[in-house]
>>> print(open('protein_25.cif').read())   # mmCIF, C-alpha atoms
data_work
#
loop_
_atom_site.label_atom_id
_atom_site.label_comp_id
_atom_site.auth_asym_id
_atom_site.auth_seq_id
_atom_site.Cartn_x
_atom_site.Cartn_y
_atom_site.Cartn_z
CA MET A 185 0.00 0.00 0.00
CA THR A 186 1.37 3.37 -0.89
CA SER A 187 1.20 6.35 1.40
CA THR A 188 2.28 9.86 0.50
CA ALA A 189 3.29 10.29 4.14
CA ALA A 190 3.05 14.01 3.53
CA ASP A 191 2.87 15.61 6.92
CA LEU A 192 0.66 18.43 5.77
CA HIS A 193 -0.53 19.38 9.21
CA THR A 194 2.89 20.70 10.23
CA LEU A 195 2.68 23.24 7.40
CA THR A 196 0.16 25.37 9.33
CA GLY A 197 2.96 27.58 10.65
CA ALA A 198 4.70 28.04 7.31
CA TYR A 199 1.33 28.73 5.67
CA ALA A 200 0.34 31.36 8.25
CA LEU A 201 3.69 33.09 7.66
CA HIS A 202 3.32 32.98 3.84
CA ALA A 203 6.48 30.88 3.78
CA LEU A 204 5.28 28.27 1.26
CA ASP A 205 5.99 28.49 -2.43
CA ALA A 206 3.01 28.72 -4.78
CA GLU A 207 2.70 25.00 -5.48
CA GLU A 208 2.84 23.94 -1.84
CA ARG A 209 0.45 26.69 -0.90
CA ALA A 210 -2.13 25.43 -3.40
CA ARG A 211 -1.71 21.89 -2.11
CA PHE A 212 -2.07 22.96 1.49
CA GLU A 213 -5.15 25.04 0.71
CA ARG A 214 -6.79 21.96 -0.78
CA HIS A 215 -5.95 20.10 2.42
CA LEU A 216 -7.48 22.93 4.47
CA THR A 217 -10.87 22.33 2.89
CA VAL A 218 -10.96 18.84 4.43
CA CYS A 219 -9.05 19.46 7.66
CA GLU A 220 -10.97 21.73 9.99
CA ALA A 221 -8.41 21.22 12.76
CA CYS A 222 -5.76 22.64 10.39
CA ALA A 223 -8.03 25.53 9.35
CA GLU A 224 -8.65 26.45 12.97
CA GLU A 225 -4.95 26.32 13.75
CA VAL A 226 -4.17 28.42 10.68
CA ARG A 227 -6.63 31.08 11.88
CA GLU A 228 -4.93 31.20 15.27
CA LEU A 229 -1.42 31.23 13.87
CA ALA A 230 -2.31 33.90 11.30
CA ALA A 231 -3.71 36.00 14.14
CA THR A 232 -0.42 35.45 15.96
CA ALA A 233 1.56 36.49 12.88
CA ALA A 234 -0.58 39.64 12.70
CA ARG A 235 0.71 40.54 16.18
CA LEU A 236 4.25 40.43 14.79
CA GLY A 237 2.96 42.87 12.20
CA LEU A 238 1.30 45.16 14.74
CA ALA A 239 4.58 45.34 16.65
CA ALA A 240 6.21 46.84 13.57
CA SER A 241 3.68 49.69 13.15
CA ALA A 242 5.10 52.74 11.40
CA PRO A 243 3.03 55.72 10.24
CA PRO A 244 3.13 56.36 6.49
CA ALA A 245 3.64 59.87 5.13
CA PRO A 246 0.47 61.97 5.62
CA ALA A 247 0.21 62.54 1.86
CA LEU A 248 -0.47 58.84 1.34
CA LYS A 249 -3.94 59.08 2.79
CA GLU A 250 -5.01 61.70 0.27
CA GLN A 251 -3.69 59.54 -2.58
CA VAL A 252 -5.52 56.46 -1.34
CA ILE A 253 -8.80 58.31 -0.76
CA ARG A 254 -8.56 59.75 -4.28
CA ARG A 255 -7.94 56.33 -5.76
CA ILE A 256 -10.80 54.50 -4.04
CA ALA A 257 -13.28 57.00 -5.51
CA THR A 258 -12.62 55.33 -8.86
CA VAL A 259 -12.34 51.70 -7.70
CA ARG A 260 -15.40 49.50 -7.85
CA GLN A 261 -15.89 47.17 -4.88
CA GLU A 262 -16.22 43.43 -5.30
CA PRO A 263 -19.62 41.88 -4.64
CA PRO A 264 -19.94 39.95 -1.37
CA VAL A 265 -19.55 36.17 -1.44
CA VAL A 266 -22.90 34.46 -1.00
CA ARG A 267 -22.29 30.75 -1.46
CA ALA A 268 -21.31 28.65 1.56
CA PRO A 269 -17.69 27.61 1.05
CA ALA A 270 -16.73 23.96 1.31
CA ARG A 271 -14.87 24.51 4.55
CA ALA A 272 -18.04 25.60 6.33
CA ARG A 273 -19.68 22.34 5.33
CA VAL A 274 -16.75 20.35 6.67
CA LEU A 275 -16.92 22.34 9.90
CA ARG A 276 -20.62 21.62 10.23
CA ARG A 277 -19.98 17.93 9.78
CA LEU A 278 -17.23 17.96 12.37
CA LEU A 279 -19.38 19.98 14.73
CA SER A 280 -22.20 17.48 14.46
CA ASN A 281 -20.50 15.67 17.36
CA TRP A 282 -21.00 18.67 19.57
CA ALA A 283 -24.46 19.40 18.16
CA LEU A 284 -25.56 15.87 18.90
CA ALA A 285 -24.33 16.15 22.46
CA ALA A 286 -26.15 19.47 22.83
CA CYS A 287 -29.40 18.00 21.46
CA VAL A 288 -29.25 15.07 23.82
CA ALA A 289 -28.54 17.45 26.69
CA LEU A 290 -31.51 19.60 25.69
CA THR A 291 -33.76 16.55 25.53
CA ALA A 292 -32.56 15.67 28.99
CA ALA A 293 -33.32 19.13 30.32
CA LEU A 294 -36.80 19.23 28.79
CA GLY A 295 -37.65 15.78 30.06
CA ALA A 296 -36.48 16.47 33.58
CA THR A 297 -39.86 17.73 34.80
CA ALA A 298 -41.77 14.62 33.76
CA ALA A 299 -41.40 11.98 36.46
CA TRP A 300 -42.47 9.08 34.23
CA GLN A 301 -39.54 9.78 31.94
CA HIS A 302 -37.12 9.40 34.80
CA THR A 303 -35.25 6.39 33.47
CA GLN A 304 -34.96 7.71 29.95
CA VAL A 305 -33.77 11.01 31.31
CA GLU A 306 -31.04 9.34 33.31
CA ASP A 307 -30.00 7.36 30.25
CA ALA A 308 -30.06 10.44 28.06
CA ARG A 309 -28.05 12.37 30.64
CA ARG A 310 -25.47 9.65 30.82
CA ASP A 311 -25.30 9.46 27.01
CA ALA A 312 -25.03 13.22 26.78
CA HIS A 313 -22.31 13.27 29.39
CA GLN A 314 -20.36 10.54 27.61
CA ALA A 315 -20.85 12.20 24.20
CA GLN A 316 -19.68 15.49 25.65
CA GLN A 317 -16.65 13.87 27.24
CA ARG A 318 -15.70 12.23 23.95
CA ALA A 319 -16.22 15.52 22.11
CA ASP A 320 -14.08 17.35 24.69
CA GLN A 321 -11.33 14.77 24.44
CA LEU A 322 -11.45 14.85 20.66
CA ALA A 323 -11.16 18.64 20.64
CA ALA A 324 -8.34 18.45 23.18
CA VAL A 325 -6.33 16.11 20.95
CA LEU A 326 -6.80 18.32 17.88
CA ALA A 327 -5.83 21.42 19.85
CA ALA A 328 -2.91 19.85 21.75
CA PRO A 329 0.34 21.80 21.26
CA ASP A 330 2.17 18.54 20.49
CA ALA A 331 -0.50 17.34 18.03
CA LYS A 332 1.00 15.78 14.92
CA SER A 333 -0.84 14.43 11.96
CA ARG A 334 -0.31 12.20 8.99
CA THR A 335 -2.50 11.98 5.92
CA ALA A 336 -2.51 9.39 3.20
CA ARG A 337 -4.57 8.89 0.10
CA PHE A 338 -5.37 5.37 -0.99
CA GLU A 339 -5.95 3.87 -4.42
CA ASP A 340 -9.73 3.67 -3.99
CA GLY A 341 -9.93 7.43 -3.42
CA THR A 342 -10.20 7.18 0.36
CA SER A 343 -8.12 9.68 2.24
CA GLY A 344 -7.37 9.29 5.94
CA THR A 345 -5.78 11.58 8.49
CA VAL A 346 -4.65 10.58 11.94
CA VAL A 347 -3.85 13.21 14.56
CA VAL A 348 -1.93 12.06 17.64
CA SER A 349 -1.02 13.81 20.85
CA ALA A 350 1.59 11.99 22.92
CA ALA A 351 0.87 14.32 25.85
CA ARG A 352 -2.83 13.35 25.79
CA ASP A 353 -1.97 9.73 24.93
CA LYS A 354 -4.82 9.79 22.40
CA ALA A 355 -5.41 9.70 18.65
CA VAL A 356 -8.15 11.04 16.39
CA PHE A 357 -8.91 9.57 12.99
CA THR A 358 -10.80 11.20 10.17
CA ALA A 359 -11.41 9.97 6.64
CA THR A 360 -13.08 11.08 3.46
CA GLY A 361 -14.43 9.00 0.61
CA MET A 362 -14.87 5.72 2.49
CA THR A 363 -17.13 3.26 0.68
CA PRO A 364 -20.51 2.77 2.39
CA LEU A 365 -20.79 -0.74 3.86
CA PRO A 366 -23.67 -3.21 3.49
CA ASP A 367 -25.83 -3.93 6.55
CA GLY A 368 -24.13 -6.14 9.07
CA LYS A 369 -20.66 -4.73 8.33
CA VAL A 370 -18.80 -2.00 10.14
CA TYR A 371 -15.48 -0.19 9.94
CA GLN A 372 -13.35 -0.96 12.98
CA LEU A 373 -10.33 1.04 14.11
CA TRP A 374 -7.12 -0.54 15.40
CA PHE A 375 -3.90 0.52 17.02
CA ALA A 376 -0.90 -1.53 15.91
CA ASP A 377 1.81 -2.21 18.50
CA GLY A 378 4.40 -3.97 16.35
CA ASP A 379 2.51 -6.96 14.92
CA THR A 380 -0.27 -6.87 17.48
CA MET A 381 -3.55 -5.19 16.57
CA ARG A 382 -5.48 -3.64 19.44
CA PRO A 383 -9.18 -2.69 18.96
CA ALA A 384 -9.76 1.09 19.05
CA GLY A 385 -13.51 1.41 18.50
CA LEU A 386 -15.97 1.41 15.62
CA MET A 387 -16.82 4.09 13.10
CA ASP A 388 -20.40 5.30 12.88
CA ALA A 389 -21.68 3.65 9.67
CA GLY A 390 -23.68 6.66 8.53
CA ARG A 391 -20.94 9.16 9.30
CA THR A 392 -17.63 7.73 8.19
CA SER A 393 -16.30 11.18 7.36
CA ARG A 394 -16.74 12.39 10.93
CA ALA A 395 -13.67 12.71 13.16
CA VAL A 396 -13.52 9.87 15.70
CA LEU A 397 -11.65 9.74 18.94
CA MET A 398 -9.90 6.36 18.91
CA GLU A 399 -10.72 4.27 21.96
CA GLY A 400 -7.93 3.39 24.35
CA ALA A 401 -4.51 4.88 24.94
CA LEU A 402 -2.06 5.68 22.19
CA GLY A 403 0.63 3.94 24.26
CA THR A 404 3.46 2.60 22.16
CA ALA A 405 1.36 2.17 19.01
CA SER A 406 3.39 2.72 15.85
CA ALA A 407 0.54 2.57 13.34
CA MET A 408 -3.23 2.55 13.04
CA GLY A 409 -5.54 0.75 10.69
CA VAL A 410 -9.16 0.35 9.66
CA THR A 411 -10.71 -2.99 8.71
CA VAL A 412 -14.19 -4.12 7.67
CA GLU A 413 -15.68 -6.32 10.40
CA PRO A 414 -19.03 -7.92 11.19
CA ALA A 415 -21.44 -5.60 13.05
CA GLY A 416 -20.32 -5.13 16.65
CA GLY A 417 -16.67 -5.47 15.76
CA SER A 418 -14.12 -8.24 16.33
CA PRO A 419 -11.46 -8.86 18.99
CA GLN A 420 -8.90 -9.36 16.19
CA PRO A 421 -9.00 -8.15 12.57
CA THR A 422 -10.66 -10.66 10.24
CA SER A 423 -9.80 -8.88 6.98
CA ASP A 424 -6.96 -6.91 5.41
CA PRO A 425 -6.91 -3.25 6.42
CA VAL A 426 -8.52 -0.74 4.05
CA VAL A 427 -6.50 2.01 5.71
CA LEU A 428 -3.08 1.60 7.27
CA LEU A 429 -1.18 4.62 8.51
CA ASP A 430 2.12 4.90 10.34
CA LEU A 431 1.63 7.22 13.27
CA PRO A 432 3.69 10.41 13.18
CA ALA A 433 6.69 10.03 15.49
CA MET B 26 -3.65 34.79 29.93
CA PRO B 27 -1.83 38.13 29.77
CA GLU B 28 -4.02 41.17 30.10
CA ALA B 29 -3.75 44.09 27.76
CA VAL B 30 -2.50 47.24 29.39
CA TYR B 31 -3.78 50.51 28.06
CA ILE B 32 -2.10 53.80 28.68
CA GLY B 33 -3.48 57.06 27.40
CA LYS B 34 -6.48 56.64 25.17
CA ASN B 35 -9.34 54.59 26.54
CA PRO B 36 -9.68 51.63 24.17
CA SER B 37 -13.47 51.96 24.18
CA ALA B 38 -13.00 55.35 22.55
CA GLN B 39 -11.27 53.64 19.61
CA PRO B 40 -13.44 53.06 16.55
CA ASP B 41 -15.08 49.65 16.37
CA LEU B 42 -13.36 48.16 13.35
CA GLN B 43 -16.06 45.56 12.70
CA GLU B 44 -18.71 48.27 12.49
CA LEU B 45 -16.49 50.45 10.31
CA MET B 46 -15.82 47.51 8.05
CA LYS B 47 -19.54 46.88 7.55
CA ALA B 48 -19.99 50.50 6.49
CA VAL B 49 -16.96 50.31 4.19
CA ALA B 50 -18.43 47.16 2.62
CA ARG B 51 -21.50 49.23 1.75
CA GLY B 52 -19.32 51.77 -0.04
CA ASP B 53 -19.12 54.37 2.75
CA GLU B 54 -16.04 56.49 1.95
CA GLU B 55 -16.14 58.35 5.24
CA ALA B 56 -16.02 55.06 7.13
CA PHE B 57 -13.06 54.10 4.95
CA SER B 58 -11.28 57.27 6.00
CA SER B 59 -11.63 56.23 9.68
CA LEU B 60 -10.59 52.68 8.87
CA TYR B 61 -7.54 54.08 7.09
CA ASP B 62 -6.54 55.99 10.24
CA ALA B 63 -6.79 52.80 12.30
CA VAL B 64 -4.88 50.44 9.99
CA ALA B 65 -2.47 52.51 7.87
CA SER B 66 0.40 52.45 10.39
CA PRO B 67 0.30 48.69 11.01
CA VAL B 68 0.09 48.09 7.24
CA MET B 69 3.03 50.37 6.57
CA GLY B 70 4.95 48.69 9.39
CA VAL B 71 4.48 45.18 8.00
CA VAL B 72 5.28 46.22 4.44
CA ARG B 73 8.35 48.23 5.41
CA ALA B 74 9.65 45.42 7.62
CA VAL B 75 9.57 43.03 4.68
CA LEU B 76 10.56 45.35 1.83
CA ARG B 77 12.83 47.81 3.68
CA ASP B 78 12.96 50.12 0.66
CA PRO B 79 10.90 53.24 1.59
CA ALA B 80 9.61 54.01 -1.93
CA GLN B 81 8.47 50.44 -2.61
CA SER B 82 6.95 50.27 0.87
CA GLU B 83 4.80 53.34 0.22
CA GLU B 84 3.73 51.95 -3.12
CA ILE B 85 2.69 48.56 -1.69
CA THR B 86 1.03 50.17 1.34
CA GLN B 87 -1.10 52.19 -1.03
CA GLU B 88 -1.93 49.05 -3.04
CA VAL B 89 -2.95 47.18 0.10
CA LEU B 90 -5.22 49.96 1.35
CA VAL B 91 -6.96 50.23 -2.02
CA GLU B 92 -7.33 46.43 -1.96
CA VAL B 93 -8.96 46.68 1.49
CA TRP B 94 -11.55 49.03 -0.02
CA ARG B 95 -12.07 46.86 -3.09
CA THR B 96 -12.49 43.56 -1.27
CA ALA B 97 -14.21 44.86 1.90
CA PRO B 98 -17.55 43.23 0.93
CA ARG B 99 -15.78 39.87 1.01
CA TYR B 100 -14.49 40.24 4.54
CA ARG B 101 -16.10 37.69 6.89
CA GLU B 102 -15.93 38.38 10.58
CA ASP B 103 -16.22 34.70 11.47
CA ARG B 104 -12.79 34.20 9.87
CA GLY B 105 -10.95 36.64 12.11
CA SER B 106 -10.68 40.25 13.18
CA VAL B 107 -10.43 43.16 10.75
CA ILE B 108 -6.86 43.96 11.68
CA ASN B 109 -5.83 40.31 11.16
CA TRP B 110 -7.46 40.32 7.75
CA VAL B 111 -5.80 43.57 6.73
CA LEU B 112 -2.36 42.58 8.03
CA THR B 113 -2.55 39.15 6.40
CA LEU B 114 -3.29 40.91 3.11
CA ALA B 115 -0.43 43.38 3.68
CA HIS B 116 2.08 40.67 4.53
CA ARG B 117 1.04 38.58 1.55
CA ARG B 118 1.42 41.54 -0.83
CA ALA B 119 4.80 42.50 0.60
CA VAL B 120 6.02 38.92 0.37
CA ASP B 121 4.84 38.62 -3.24
CA ARG B 122 6.75 41.76 -4.11
CA VAL B 123 9.90 40.72 -2.34
CA ARG B 124 9.88 37.36 -4.12
CA SER B 125 9.46 38.90 -7.54
CA ALA B 126 12.66 38.93 -9.53
CA ASP B 127 13.32 42.66 -9.55
CA ALA B 128 13.36 42.89 -5.78
CA SER B 129 15.48 39.86 -5.03
CA ALA B 130 18.81 41.50 -5.77
CA ALA B 131 18.39 43.80 -2.82
CA ARG B 132 18.09 41.04 -0.25
CA ASP B 133 20.93 38.62 -0.79
CA HIS B 134 23.14 40.19 1.80
CA LYS B 135 23.34 37.72 4.61
CA ALA B 136 24.14 40.24 7.31
CA ALA B 137 21.08 42.27 6.42
CA LEU B 138 18.92 39.16 6.49
CA LEU B 139 20.12 38.15 9.90
CA ASP B 140 19.38 41.58 11.30
CA ARG B 141 15.92 40.31 11.98
CA MET B 142 13.83 42.80 13.86
CA PRO B 143 12.98 45.77 11.69
CA GLU B 144 14.16 49.18 12.78
CA PHE B 145 11.52 51.27 14.45
CA ASP B 146 10.90 54.94 14.43
CA GLU B 147 11.08 55.39 18.18
CA VAL B 148 10.16 59.06 18.17
CA THR B 149 7.00 59.23 16.13
CA GLU B 150 5.39 55.97 17.16
CA GLN B 151 2.34 55.75 19.34
CA VAL B 152 2.31 54.55 22.92
CA GLU B 153 0.07 51.62 21.89
CA ALA B 154 2.53 50.51 19.24
CA ARG B 155 5.40 50.65 21.74
CA LEU B 156 3.50 48.53 24.28
CA GLU B 157 2.54 46.06 21.60
CA ARG B 158 6.15 45.80 20.53
CA GLU B 159 7.39 45.28 24.07
CA GLN B 160 4.93 42.43 24.55
CA VAL B 161 5.87 40.79 21.25
CA ARG B 162 9.57 41.14 22.06
CA ARG B 163 9.06 39.65 25.49
CA CYS B 164 7.23 36.69 23.98
CA LEU B 165 9.78 36.25 21.19
CA ARG B 166 12.39 35.83 23.93
CA THR B 167 10.50 32.76 25.21
CA LEU B 168 11.21 30.98 21.89
CA THR B 169 14.24 28.81 21.33
CA GLU B 170 16.92 30.47 19.20
CA LEU B 171 15.99 28.33 16.19
CA GLN B 172 12.26 29.02 16.58
CA HIS B 173 12.99 32.72 16.95
CA GLN B 174 15.23 32.88 13.88
CA SER B 175 12.88 30.80 11.73
CA VAL B 176 9.76 32.80 12.62
CA THR B 177 11.36 36.22 12.25
CA LEU B 178 13.18 35.40 9.01
CA ALA B 179 9.93 34.12 7.53
CA TYR B 180 7.73 36.94 8.78
CA TYR B 181 9.92 40.02 8.81
CA ARG B 182 12.06 39.07 5.81
CA GLY B 183 9.46 37.24 3.77
CA LEU B 184 11.61 34.15 3.24
CA THR B 185 10.05 30.82 2.25
CA TYR B 186 10.75 28.00 4.67
CA ARG B 187 13.17 26.56 2.09
CA GLU B 188 15.10 29.83 2.13
CA VAL B 189 15.02 29.86 5.92
CA ALA B 190 16.41 26.31 5.96
CA ALA B 191 19.21 27.27 3.58
CA GLN B 192 19.96 30.43 5.52
CA LEU B 193 20.21 28.62 8.85
CA SER B 194 21.69 25.39 7.40
CA VAL B 195 19.05 23.17 9.00
CA PRO B 196 16.86 20.46 7.41
CA LEU B 197 13.57 21.48 5.78
CA GLY B 198 11.50 19.36 8.15
CA THR B 199 13.09 21.06 11.13
CA VAL B 200 12.19 24.51 9.83
CA LYS B 201 8.58 23.49 9.14
CA THR B 202 8.26 22.21 12.68
CA ARG B 203 10.02 25.24 14.23
CA LEU B 204 7.75 27.65 12.35
CA ARG B 205 4.72 25.84 13.72
CA ASP B 206 5.83 25.26 17.30
CA GLY B 207 7.40 28.71 17.47
CA LEU B 208 4.12 30.35 16.45
CA ILE B 209 2.19 28.12 18.86
CA ARG B 210 4.45 29.26 21.71
CA LEU B 211 4.00 32.88 20.65
CA ARG B 212 0.24 32.39 20.42
CA ASP B 213 0.11 31.05 23.97
CA CYS B 214 2.40 33.76 25.32
CA LEU B 215 0.40 36.55 23.66
CA GLY B 216 -2.95 34.96 24.54
CA VAL B 217 -4.11 35.03 20.92
CA SER B 218 -7.39 33.38 19.96
CA ALA B 219 -8.67 33.08 16.41
#
>>> encode(input="protein_25.cif", output="structure tokens")
Amino acid sequence: MTSTAADLHTLTGAYALHALDAEERARFERHLTVCEACAEEVRELAATAARLGLAASAPPAPALKEQVIRRIATVRQEPPVVRAPARARVLRRLLSNWALAACVALTAALGATAAWQHTQVEDARRDAHQAQQRADQLAAVLAAPDAKSRTARFEDGTSGTVVVSAARDKAVFTATGMTPLPDGKVYQLWFADGDTMRPAGLMDAGRTSRAVLMEGALGTASAMGVTVEPAGGSPQPTSDPVVLLDLPA
Amino acid sequence: MPEAVYIGKNPSAQPDLQELMKAVARGDEEAFSSLYDAVASPVMGVVRAVLRDPAQSEEITQEVLVEVWRTAPRYREDRGSVINWVLTLAHRRAVDRVRSADASAARDHKAALLDRMPEFDEVTEQVEARLEREQVRRCLRTLTELQHQSVTLAYYRGLTYREVAAQLSVPLGTVKTRLRDGLIRLRDCLGVSA
């Protein structure tokens, strides 16, 4: 299996500083449309770079203002952008984790006054709490200062990105273009410690492009993989991996 | 998180750039005049730091400010503050100019490149600018030497990371990483949020 092993995520800094050449910039901008964690980091790092700019403030000659004001009188403004850009859609998809947690929490709050719903409320609360915890952990991994990522594109058009934080001892996996599975099948995530595969949770069948927090600790894992398994998952992989990524060191 | 310290003008008396920007986006030339007053010095600072040549700096500063007017309707506040947007535009324009062939001859002097922080006009600058600079300098000192050199060569000199790597004789991967972790450390020190 071939992997480009391009560590695009580490280019956020160079991109925010305009330190990429044209070709790399174009490539990274394509990556940004599918990597909301990168886009968020770019926004923060660009804001940081702007502070370097502010620190260099120097008033231009007073005459410049008059020249600029005279010029804008003859310059037509661009129309505003109305279409929703692709990145917003990706963000919405990623945020659906949080939205789901919020909806469950709201259901819980609304149901709290009805005594007969007590059990369901407790269940919903627990689900909401767990969903929120997973969402928090996922966000924490993506935002971790030591977060590193690796992306690879596979022959079938699937592209996978794994983000690891050694400090958090956790990994997040996100993919695009995964083939929908027939009923009774599920994508299962694995950590690989040498030759040993360790189960790391299942992917939601309807939402394979959503970022997932991998279950269990990162530990000494050197790679991660995704296999197709019978519904409910397996203790050991029963098929060849459809995705196999070396974890960034 | 470090708190901003204001001396002199009350910050609430400063124009609200988001509001100004909305008016500018509707074609309000008076609002543009106020926006100009708020952003012209930072724009000139960024451009002059990268280009160094005063005549070219004035020319590009003018270009950037006209561009701000032209593209104001496309500014989206959910993508960052007005000043970030303007300074990103200014830096990008300055970098494009410095990388164009006719400007490159002026920058191949290694000593000049390694003199990283731009010179500042200490007399005419505003109190706010001086405080901002002190804070940025303090935070730059928390970076490792390699992070500091990589970030400042890229930002203030407009070098690509390949040029930074060649300049500092370190591997490309190292520079990529130093640019990122250096900026992350700066972000945390300055308390920047997107």
>>> interface_residues(input="protein_25.cif", of="chain A", to="chain B", cutoff="8 Å", atoms="all atoms listed in the file", output="VMD selection string")
chain A and resid 194 to 198 201 to 205 224 227 to 244 248 to 249 251 to 253 255 to 257 259 to 265 329
>>> atom_distance(input="protein_25.cif", atom1="CA of Arg334 in chain A", atom2="CA of Val348 in chain A")
8.8 Å
>>> atom_distance(input="protein_25.cif", atom1="CA of Ala350 in chain A", atom2="CA of Gly417 in chain A")
26.3 Å
>>> resolve_selection(input="protein_25.cif", expression="the PyMOL selection byres ((chain A and resi 341) around 9)", output="JSON, numbers by chain")
{"A": [337, 338, 339, 340, 342, 343, 360, 361, 362]}
>>> atom_distance(input="protein_25.cif", atom1="CA of Thr199 in chain B", atom2="CA of Ala331 in chain A")
15.7 Å
>>> closest_residue(input="protein_25.cif", among="A:Gly403, A:Ala359, A:Ala221, A:Leu365", to="Leu322 in chain A", atoms="only C-alpha atoms")
A:Ala221
>>> closest_residue(input="protein_25.cif", among="A:Ala389, A:Arg318, A:Ser406, A:Leu373", to="Pro421 in chain A", atoms="only C-alpha atoms")
A:Leu373
>>> closest_residue(input="protein_25.cif", among="A:Val410, A:Gly368, A:Val325, A:Ala395", to="Val218 in chain A", atoms="all atoms listed in the file")
A:Ala395
>>> resolve_selection(input="protein_25.cif", expression="the PyMOL selection byres ((chain A and resi 216) around 10)", output="tab-separated table (two decimals) with C-alpha atoms, keeping the file's coordinate frame")
chain	number	residue	atom	x	y	z
A	192	LEU	CA	0.66	18.43	5.77
A	193	HIS	CA	-0.53	19.38	9.21
A	196	THR	CA	0.16	25.37	9.33
A	210	ALA	CA	-2.13	25.43	-3.40
A	211	ARG	CA	-1.71	21.89	-2.11
A	212	PHE	CA	-2.07	22.96	1.49
A	213	GLU	CA	-5.15	25.04	0.71
A	214	ARG	CA	-6.79	21.96	-0.78
A	215	HIS	CA	-5.95	20.10	2.42
A	217	THR	CA	-10.87	22.33	2.89
A	218	VAL	CA	-10.96	18.84	4.43
A	219	CYS	CA	-9.05	19.46	7.66
A	220	GLU	CA	-10.97	21.73	9.99
A	221	ALA	CA	-8.41	21.22	12.76
A	222	CYS	CA	-5.76	22.64	10.39
A	223	ALA	CA	-8.03	25.53	9.35
A	224	GLU	CA	-8.65	26.45	12.97
A	226	VAL	CA	-4.17	28.42	10.68
A	270	ALA	CA	-16.73	23.96	1.31
A	271	ARG	CA	-14.87	24.51	4.55
A	274	VAL	CA	-16.75	20.35	6.67
>>> resolve_selection(input="protein_25.cif", expression="the PyMOL selection byres ((chain A and resi 382) around 10)", output="compact mmCIF listing (two decimals) with C-alpha atoms, in the coordinates of the input")
# COMPACT_ATOMS: atom_id res chain seq x y z
CA LEU A 373 -10.33 1.04 14.11
CA TRP A 374 -7.12 -0.54 15.40
CA PHE A 375 -3.90 0.52 17.02
CA ALA A 376 -0.90 -1.53 15.91
CA ASP A 377 1.81 -2.21 18.50
CA ASP A 379 2.51 -6.96 14.92
CA THR A 380 -0.27 -6.87 17.48
CA MET A 381 -3.55 -5.19 16.57
CA PRO A 383 -9.18 -2.69 18.96
CA ALA A 384 -9.76 1.09 19.05
CA GLY A 385 -13.51 1.41 18.50
CA GLU A 399 -10.72 4.27 21.96
CA GLY A 400 -7.93 3.39 24.35
CA ALA A 405 1.36 2.17 19.01
CA MET A 408 -3.23 2.55 13.04
CA GLY A 409 -5.54 0.75 10.69
CA PRO A 419 -11.46 -8.86 18.99
CA GLN A 420 -8.90 -9.36 16.19
CA PRO A 421 -9.00 -8.15 12.57
>>> decode(input="protein_25.cif", residues="range 99-120 of chain B", atoms="C-alpha atoms", output="short mmCIF file (atom, residue, chain, number, x, y, z; two decimals), in the first residue's frame")
data_model
loop_
_atom_site.label_atom_id
_atom_site.label_comp_id
_atom_site.auth_asym_id
_atom_site.auth_seq_id
_atom_site.Cartn_x
_atom_site.Cartn_y
_atom_site.Cartn_z
CA ARG B 99 -15.78 39.87 1.01
CA TYR B 100 -14.49 40.24 4.54
CA ARG B 101 -16.10 37.69 6.89
CA GLU B 102 -15.93 38.38 10.58
CA ASP B 103 -16.22 34.70 11.47
CA ARG B 104 -12.79 34.20 9.87
CA GLY B 105 -10.95 36.64 12.11
CA SER B 106 -10.68 40.25 13.18
CA VAL B 107 -10.43 43.16 10.75
CA ILE B 108 -6.86 43.96 11.68
CA ASN B 109 -5.83 40.31 11.16
CA TRP B 110 -7.46 40.32 7.75
CA VAL B 111 -5.80 43.57 6.73
CA LEU B 112 -2.36 42.58 8.03
CA THR B 113 -2.55 39.15 6.40
CA LEU B 114 -3.29 40.91 3.11
CA ALA B 115 -0.43 43.38 3.68
CA HIS B 116 2.08 40.67 4.53
CA ARG B 117 1.04 38.58 1.55
CA ARG B 118 1.42 41.54 -0.83
CA ALA B 119 4.80 42.50 0.60
CA VAL B 120 6.02 38.92 0.37
#
